[in-house]
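Below is entry.tsv, which holds TSV, C-alpha atoms.
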chain	number	residue	atom	x	y	z
J	883	MET	CA	63.75	1.64	70.92
J	884	GLU	CA	66.20	4.54	70.73
J	885	PRO	CA	69.17	4.69	73.08
J	886	TYR	CA	69.11	7.28	75.84
J	887	THR	CA	70.86	10.51	74.91
J	888	PRO	CA	71.53	12.96	77.72
J	889	PHE	CA	70.27	16.52	77.40
J	890	ILE	CA	73.25	18.87	77.35
J	891	LEU	CA	72.72	22.43	78.49
J	892	SER	CA	75.43	25.04	78.13
J	893	ARG	CA	76.47	27.18	81.09
J	894	ASN	CA	75.17	30.33	79.43
J	895	ARG	CA	71.73	28.82	78.78
J	896	PHE	CA	71.56	27.43	82.32
J	897	LEU	CA	72.42	30.84	83.78
J	898	LYS	CA	69.81	32.56	81.62
J	899	PHE	CA	67.19	29.96	82.50
J	900	SER	CA	67.83	30.23	86.24
J	901	LEU	CA	67.84	34.03	86.08
J	902	LYS	CA	64.53	34.00	84.20
J	903	CYS	CA	63.10	31.77	86.91
J	904	PHE	CA	64.36	34.20	89.57
J	905	ALA	CA	62.84	37.10	87.66
J	906	LEU	CA	59.48	35.32	87.56
J	907	THR	CA	58.36	36.71	90.90
J	908	ALA	CA	59.38	40.24	90.01
J	909	VAL	CA	57.33	40.01	86.79
J	910	SER	CA	54.31	38.16	88.14
J	911	ILE	CA	53.99	40.14	91.38
J	912	HIS	CA	54.71	43.58	89.94
J	913	GLY	CA	55.47	46.29	92.47
J	914	VAL	CA	55.55	44.09	95.57
J	915	ASN	CA	59.27	44.61	96.12
J	916	CYS	CA	59.24	48.37	95.69
J	917	GLY	CA	57.77	49.67	98.92
J	918	PRO	CA	55.52	52.72	99.13
J	919	GLY	CA	57.22	56.00	99.83
J	920	LEU	CA	60.54	55.08	98.23
J	921	ASN	CA	61.92	57.83	96.04
J	922	THR	CA	62.59	56.64	92.53
J	923	PRO	CA	64.18	58.96	89.98
J	924	PRO	CA	62.93	58.96	86.40
J	925	LEU	CA	64.17	55.77	84.75
J	926	ARG	CA	64.55	55.01	81.03
J	927	GLY	CA	65.94	51.49	80.79
J	928	ILE	CA	65.03	49.57	83.95
J	929	SER	CA	62.06	49.16	86.28
J	930	PRO	CA	61.76	50.71	89.76
J	931	GLU	CA	62.24	47.22	91.30
J	932	GLN	CA	65.52	46.77	89.44
J	933	TYR	CA	66.61	50.27	90.52
J	934	HIS	CA	65.94	49.55	94.21
J	935	SER	CA	67.58	46.12	93.91
J	936	PHE	CA	70.84	47.66	92.78
J	937	ARG	CA	70.56	50.43	95.36
J	938	SER	CA	70.42	47.71	98.02
J	939	LEU	CA	73.51	46.07	96.51
J	940	GLN	CA	75.30	49.43	96.57
J	941	GLU	CA	74.92	49.54	100.33
J	942	VAL	CA	76.76	46.22	100.60
J	943	PHE	CA	79.32	46.15	97.78
J	944	LEU	CA	80.21	49.85	97.60
J	945	GLN	CA	80.30	50.81	101.29
J	946	ASP	CA	83.61	52.66	101.03
J	947	ASN	CA	82.85	54.28	97.69
J	948	PRO	CA	85.07	57.34	97.09
J	949	ILE	CA	82.38	59.05	94.97
J	950	PRO	CA	79.84	60.61	97.38
J	951	ASN	CA	76.88	61.08	94.99
J	952	PHE	CA	77.22	57.82	93.07
J	953	ASP	CA	73.93	55.96	92.53
J	954	LEU	CA	74.33	52.34	91.39
J	955	GLY	CA	70.67	52.13	90.31
J	956	LEU	CA	71.03	55.15	88.03
J	957	ALA	CA	74.34	53.81	86.71
J	958	LEU	CA	72.55	50.57	85.76
J	959	ASP	CA	69.75	52.55	84.12
J	960	ASN	CA	72.25	54.61	82.11
J	961	TYR	CA	74.12	51.46	81.07
J	962	VAL	CA	71.00	49.63	79.90
J	963	TYR	CA	69.49	52.69	78.21
J	964	GLY	CA	72.78	53.92	76.74
J	965	HIS	CA	73.39	51.09	74.29
J	966	PRO	CA	72.75	52.20	70.70
J	967	TYR	CA	71.35	48.78	69.84
J	968	PRO	CA	69.99	45.85	71.89
J	969	ILE	CA	72.67	43.42	72.94
J	970	GLU	CA	72.44	40.11	74.71
J	971	THR	CA	74.24	41.30	77.85
J	972	GLU	CA	71.59	43.98	78.36
J	973	SER	CA	68.85	41.39	78.87
J	974	VAL	CA	71.09	39.31	81.14
J	975	ILE	CA	71.87	42.36	83.28
J	976	GLN	CA	68.18	43.21	83.52
J	977	LEU	CA	67.51	39.65	84.69
J	978	LEU	CA	70.36	39.85	87.20
J	979	ALA	CA	68.90	43.07	88.55
J	980	THR	CA	65.80	41.17	89.67
J	981	VAL	CA	67.70	38.61	91.80
J	982	PRO	CA	67.90	40.76	94.99
J	983	SER	CA	64.16	41.47	94.87
J	984	SER	CA	63.01	38.02	93.81
J	985	ILE	CA	61.14	35.93	96.35
J	986	LEU	CA	61.80	32.85	94.20
J	987	ALA	CA	65.56	33.52	94.34
J	988	ALA	CA	65.36	33.89	98.13
J	989	MET	CA	63.50	30.59	98.40
J	990	ALA	CA	65.82	28.74	96.01
J	991	LEU	CA	69.11	30.08	97.35
J	992	ASP	CA	68.39	30.77	101.03
J	993	PHE	CA	65.20	28.83	101.92
J	994	SER	CA	63.67	32.15	102.95
J	995	PHE	CA	60.59	34.09	101.89
J	996	THR	CA	62.36	37.43	102.40
J	997	PRO	CA	64.29	38.79	99.41
J	998	ILE	CA	67.57	40.61	99.93
J	999	VAL	CA	65.98	44.02	99.27
J	1000	LYS	CA	63.62	43.63	102.23
J	1001	LEU	CA	66.38	42.72	104.71
J	1002	PRO	CA	68.00	45.25	107.04
J	1003	MET	CA	71.56	46.23	106.19
J	1004	GLU	CA	73.26	43.80	108.62
J	1005	GLU	CA	71.18	40.85	107.45
J	1006	ARG	CA	71.80	41.77	103.81
J	1007	ILE	CA	75.56	41.81	104.39
J	1008	LYS	CA	75.36	38.50	106.25
J	1009	ARG	CA	73.31	36.81	103.51
J	1010	LEU	CA	75.58	38.00	100.71
J	1011	HIS	CA	78.69	36.88	102.60
J	1012	GLU	CA	77.04	33.47	103.02
J	1013	TRP	CA	76.61	33.41	99.24
J	1014	LYS	CA	80.28	34.32	98.81
J	1015	HIS	CA	81.50	31.42	100.97
J	1016	SER	CA	78.83	28.88	100.03
J	1017	SER	CA	79.63	25.40	98.79
J	1018	LEU	CA	76.87	25.81	96.17
J	1019	GLY	CA	78.38	27.11	92.94
J	1020	LEU	CA	75.21	28.95	91.89
J	1021	LYS	CA	75.30	31.14	95.02
J	1022	ARG	CA	78.98	31.94	94.59
J	1023	GLY	CA	78.44	32.64	90.90
J	1024	VAL	CA	75.49	34.99	91.41
J	1025	TYR	CA	77.40	36.79	94.17
J	1026	ALA	CA	80.49	37.21	91.98
J	1027	ILE	CA	78.51	38.39	88.97
J	1028	LEU	CA	76.49	40.94	90.97
J	1029	ARG	CA	79.65	42.23	92.62
J	1030	GLN	CA	81.53	42.48	89.32
J	1031	ILE	CA	78.65	44.33	87.67
J	1032	SER	CA	78.54	46.76	90.61
J	1033	PHE	CA	82.25	47.52	90.31
J	1034	PHE	CA	82.01	47.74	86.52
J	1035	LEU	CA	79.22	50.32	86.79
J	1036	LEU	CA	81.23	52.28	89.35
J	1037	SER	CA	84.34	52.25	87.16
J	1038	SER	CA	82.28	53.44	84.18
J	1039	ASP	CA	81.21	56.59	86.04
J	1040	LYS	CA	82.89	59.82	84.88
J	1041	GLU	CA	83.43	61.05	88.46
J	1042	TYR	CA	85.25	57.83	89.36
J	1043	GLN	CA	87.39	58.08	86.25
J	1044	LYS	CA	88.33	61.64	87.26
J	1045	PHE	CA	89.04	60.43	90.79
J	1046	VAL	CA	91.53	57.79	89.65
J	1047	GLY	CA	93.08	60.13	87.05
J	1048	TYR	CA	91.96	58.55	83.79
J	1049	ILE	CA	90.37	61.77	82.55
J	1050	GLN	CA	90.92	65.41	83.43

Target encoding structure tokens, full file:
Amino acid sequence: MEPYTPFILSRNRFLKFSLKCFALTAVSIHGVNCGPGLNTPPLRGISPEQYHSFRSLQEVFLQDNPIPNFDLGLALDNYVYGHPYPIETESVIQLLATVPSSILAAMALDFSFTPIVKLPMEERIKRLHEWKHSSLGLKRGVYAILRQISFFLLSSDKEYQKFVGYIQ
């Protein structure tokens, strides 16, 4: 009989696995999170659900955005589509973009059947602040990663770079 050897899973693999599980509902129930009548611009690198997920995050993370016409969903689309070759972070970002619209993520993280995208603005802010101050590391981690990606996409925008004086 062989001795018991524990299964070791790296942090990166665990994050990818959990994000793939969260994305399961967005893939298996296609179009359920993107309500009828929502305007979606032409997209090249992401799905309409991912676009609307990041638009809902923009309303929370980038409330006091100095750039009036900035669209976080389009910035994500440009980032994913703009890479000259596929990279690993692109697939991780696409998986992260499904977290706000995933029913499975809402059930696993909040014990709710309502994803963040479907919540009104006040409830969305409240839920994300609960993630920020949660004792569960996964909630804090997903919150921090989504927030950092939002600010990264904002700082990558040419209008923002002009605003802060990096380019003329």

Legend entry - Pick from J:Tyr961, J:Phe896, J:Phe952, J:Phe943 nearest to Ile928 of chain J, counting only C-alpha atoms: J:Tyr961

Inset, instruction - Compare J:Glu931, J:Asp946, J:Asp953, J:Glu941 by their minimum atom-to-atom distance to Leu1036 of chain J, counting all atoms listed in the file, and give me the closest one. - result: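 The shortest atom-to-atom distance to Leu1036 of chain J comes from J:Asp953.
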
Inset, instruction - State, in Å with one decimal place, the distance from atom CA of Leu1001 of chain J to atom CA of Gln940 of chain J. - result: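 Going from atom CA of Leu1001 of chain J over to atom CA of Gln940 of chain J, I get 13.8 Å.
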
Legend entry - Atomic separation - atom CA of Pro982 of chain J relative to atom CA of Ser935 of chain J, Å: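 Taking atom CA of Ser935 of chain J as the start and atom CA of Pro982 of chain J as the end point, the length is 5.5 Å.
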
Inset, instruction - Kindly indicate which residue among J:His1011, J:Ile1049, J:Ser938, J:Glu1041 lies nearest to Pro997 of chain J, using all atoms listed in the file for the distances. - result: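 Using all atoms listed in the file, Pro997 of chain J sits closest to J:Ser938.
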
Inset, instruction - Just give me the residues with any atom within 12 Å of (65.4, 34.7, 92.3), file coordinates, counting only C-alpha atoms, written as an NGL selection string. - result: :J and (897-909 or 935 or 977-999 or 1020-1021 or 1024)

Kindly complete segment 1007-1038 of chain J to N, CA and C atoms; the output should be written as a tab-separated table (two decimals), keeping the file's coordinate frame.
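The result, stored in rebuild22.tsv:
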chain	number	residue	atom	x	y	z
J	1007	ILE	N	74.12	42.08	104.45
J	1007	ILE	CA	75.56	41.81	104.39
J	1007	ILE	C	75.83	40.35	104.76
J	1008	LYS	N	75.16	39.88	105.80
J	1008	LYS	CA	75.36	38.50	106.25
J	1008	LYS	C	74.95	37.50	105.17
J	1009	ARG	N	73.79	37.74	104.53
J	1009	ARG	CA	73.31	36.81	103.51
J	1009	ARG	C	74.24	36.80	102.30
J	1010	LEU	N	74.70	37.96	101.87
J	1010	LEU	CA	75.58	38.00	100.71
J	1010	LEU	C	76.95	37.39	101.01
J	1011	HIS	N	77.42	37.54	102.24
J	1011	HIS	CA	78.69	36.88	102.60
J	1011	HIS	C	78.51	35.36	102.69
J	1012	GLU	N	77.32	34.90	103.07
J	1012	GLU	CA	77.04	33.47	103.02
J	1012	GLU	C	77.06	32.97	101.58
J	1013	TRP	N	76.55	33.78	100.65
J	1013	TRP	CA	76.61	33.41	99.24
J	1013	TRP	C	78.06	33.31	98.78
J	1014	LYS	N	78.88	34.26	99.23
J	1014	LYS	CA	80.28	34.32	98.81
J	1014	LYS	C	81.04	33.07	99.24
J	1015	HIS	N	80.76	32.55	100.42
J	1015	HIS	CA	81.50	31.42	100.97
J	1015	HIS	C	80.71	30.11	100.91
J	1016	SER	N	79.67	30.07	100.12
J	1016	SER	CA	78.83	28.88	100.03
J	1016	SER	C	79.52	27.76	99.25
J	1017	SER	N	79.12	26.54	99.55
J	1017	SER	CA	79.63	25.40	98.79
J	1017	SER	C	78.84	25.22	97.49
J	1018	LEU	N	77.70	25.89	97.37
J	1018	LEU	CA	76.87	25.81	96.17
J	1018	LEU	C	77.41	26.80	95.12
J	1019	GLY	N	77.78	26.29	93.99
J	1019	GLY	CA	78.38	27.11	92.94
J	1019	GLY	C	77.46	28.19	92.42
J	1020	LEU	N	76.15	27.95	92.39
J	1020	LEU	CA	75.21	28.95	91.89
J	1020	LEU	C	75.22	30.19	92.78
J	1021	LYS	N	75.26	29.99	94.10
J	1021	LYS	CA	75.30	31.14	95.02
J	1021	LYS	C	76.58	31.94	94.83
J	1022	ARG	N	77.71	31.25	94.78
J	1022	ARG	CA	78.98	31.94	94.59
J	1022	ARG	C	79.01	32.67	93.25
J	1023	GLY	N	78.45	32.04	92.23
J	1023	GLY	CA	78.44	32.64	90.90
J	1023	GLY	C	77.57	33.89	90.84
J	1024	VAL	N	76.37	33.82	91.41
J	1024	VAL	CA	75.49	34.99	91.41
J	1024	VAL	C	76.12	36.12	92.22
J	1025	TYR	N	76.72	35.78	93.36
J	1025	TYR	CA	77.40	36.79	94.17
J	1025	TYR	C	78.51	37.46	93.37
J	1026	ALA	N	79.35	36.66	92.73
J	1026	ALA	CA	80.49	37.21	91.98
J	1026	ALA	C	80.02	38.07	90.81
J	1027	ILE	N	79.00	37.62	90.12
J	1027	ILE	CA	78.51	38.39	88.97
J	1027	ILE	C	77.90	39.71	89.43
J	1028	LEU	N	77.08	39.69	90.47
J	1028	LEU	CA	76.49	40.94	90.97
J	1028	LEU	C	77.56	41.91	91.46
J	1029	ARG	N	78.56	41.38	92.11
J	1029	ARG	CA	79.65	42.23	92.62
J	1029	ARG	C	80.46	42.82	91.46
J	1030	GLN	N	80.77	41.99	90.47
J	1030	GLN	CA	81.53	42.48	89.32
J	1030	GLN	C	80.76	43.53	88.53
J	1031	ILE	N	79.46	43.34	88.37
J	1031	ILE	CA	78.65	44.33	87.67
J	1031	ILE	C	78.63	45.64	88.46
J	1032	SER	N	78.53	45.55	89.78
J	1032	SER	CA	78.54	46.76	90.61
J	1032	SER	C	79.84	47.53	90.44
J	1033	PHE	N	80.96	46.84	90.48
J	1033	PHE	CA	82.25	47.52	90.31
J	1033	PHE	C	82.45	48.01	88.88
J	1034	PHE	N	81.93	47.28	87.90
J	1034	PHE	CA	82.01	47.74	86.52
J	1034	PHE	C	81.23	49.04	86.34
J	1035	LEU	N	80.03	49.10	86.91
J	1035	LEU	CA	79.22	50.32	86.79
J	1035	LEU	C	79.88	51.49	87.51
J	1036	LEU	N	80.51	51.22	88.65
J	1036	LEU	CA	81.23	52.28	89.35
J	1036	LEU	C	82.40	52.77	88.52
J	1037	SER	N	83.16	51.85	87.95
J	1037	SER	CA	84.34	52.25	87.16
J	1037	SER	C	83.96	52.94	85.86
J	1038	SER	N	82.73	52.77	85.40
J	1038	SER	CA	82.28	53.44	84.18
J	1038	SER	C	81.84	54.88	84.43
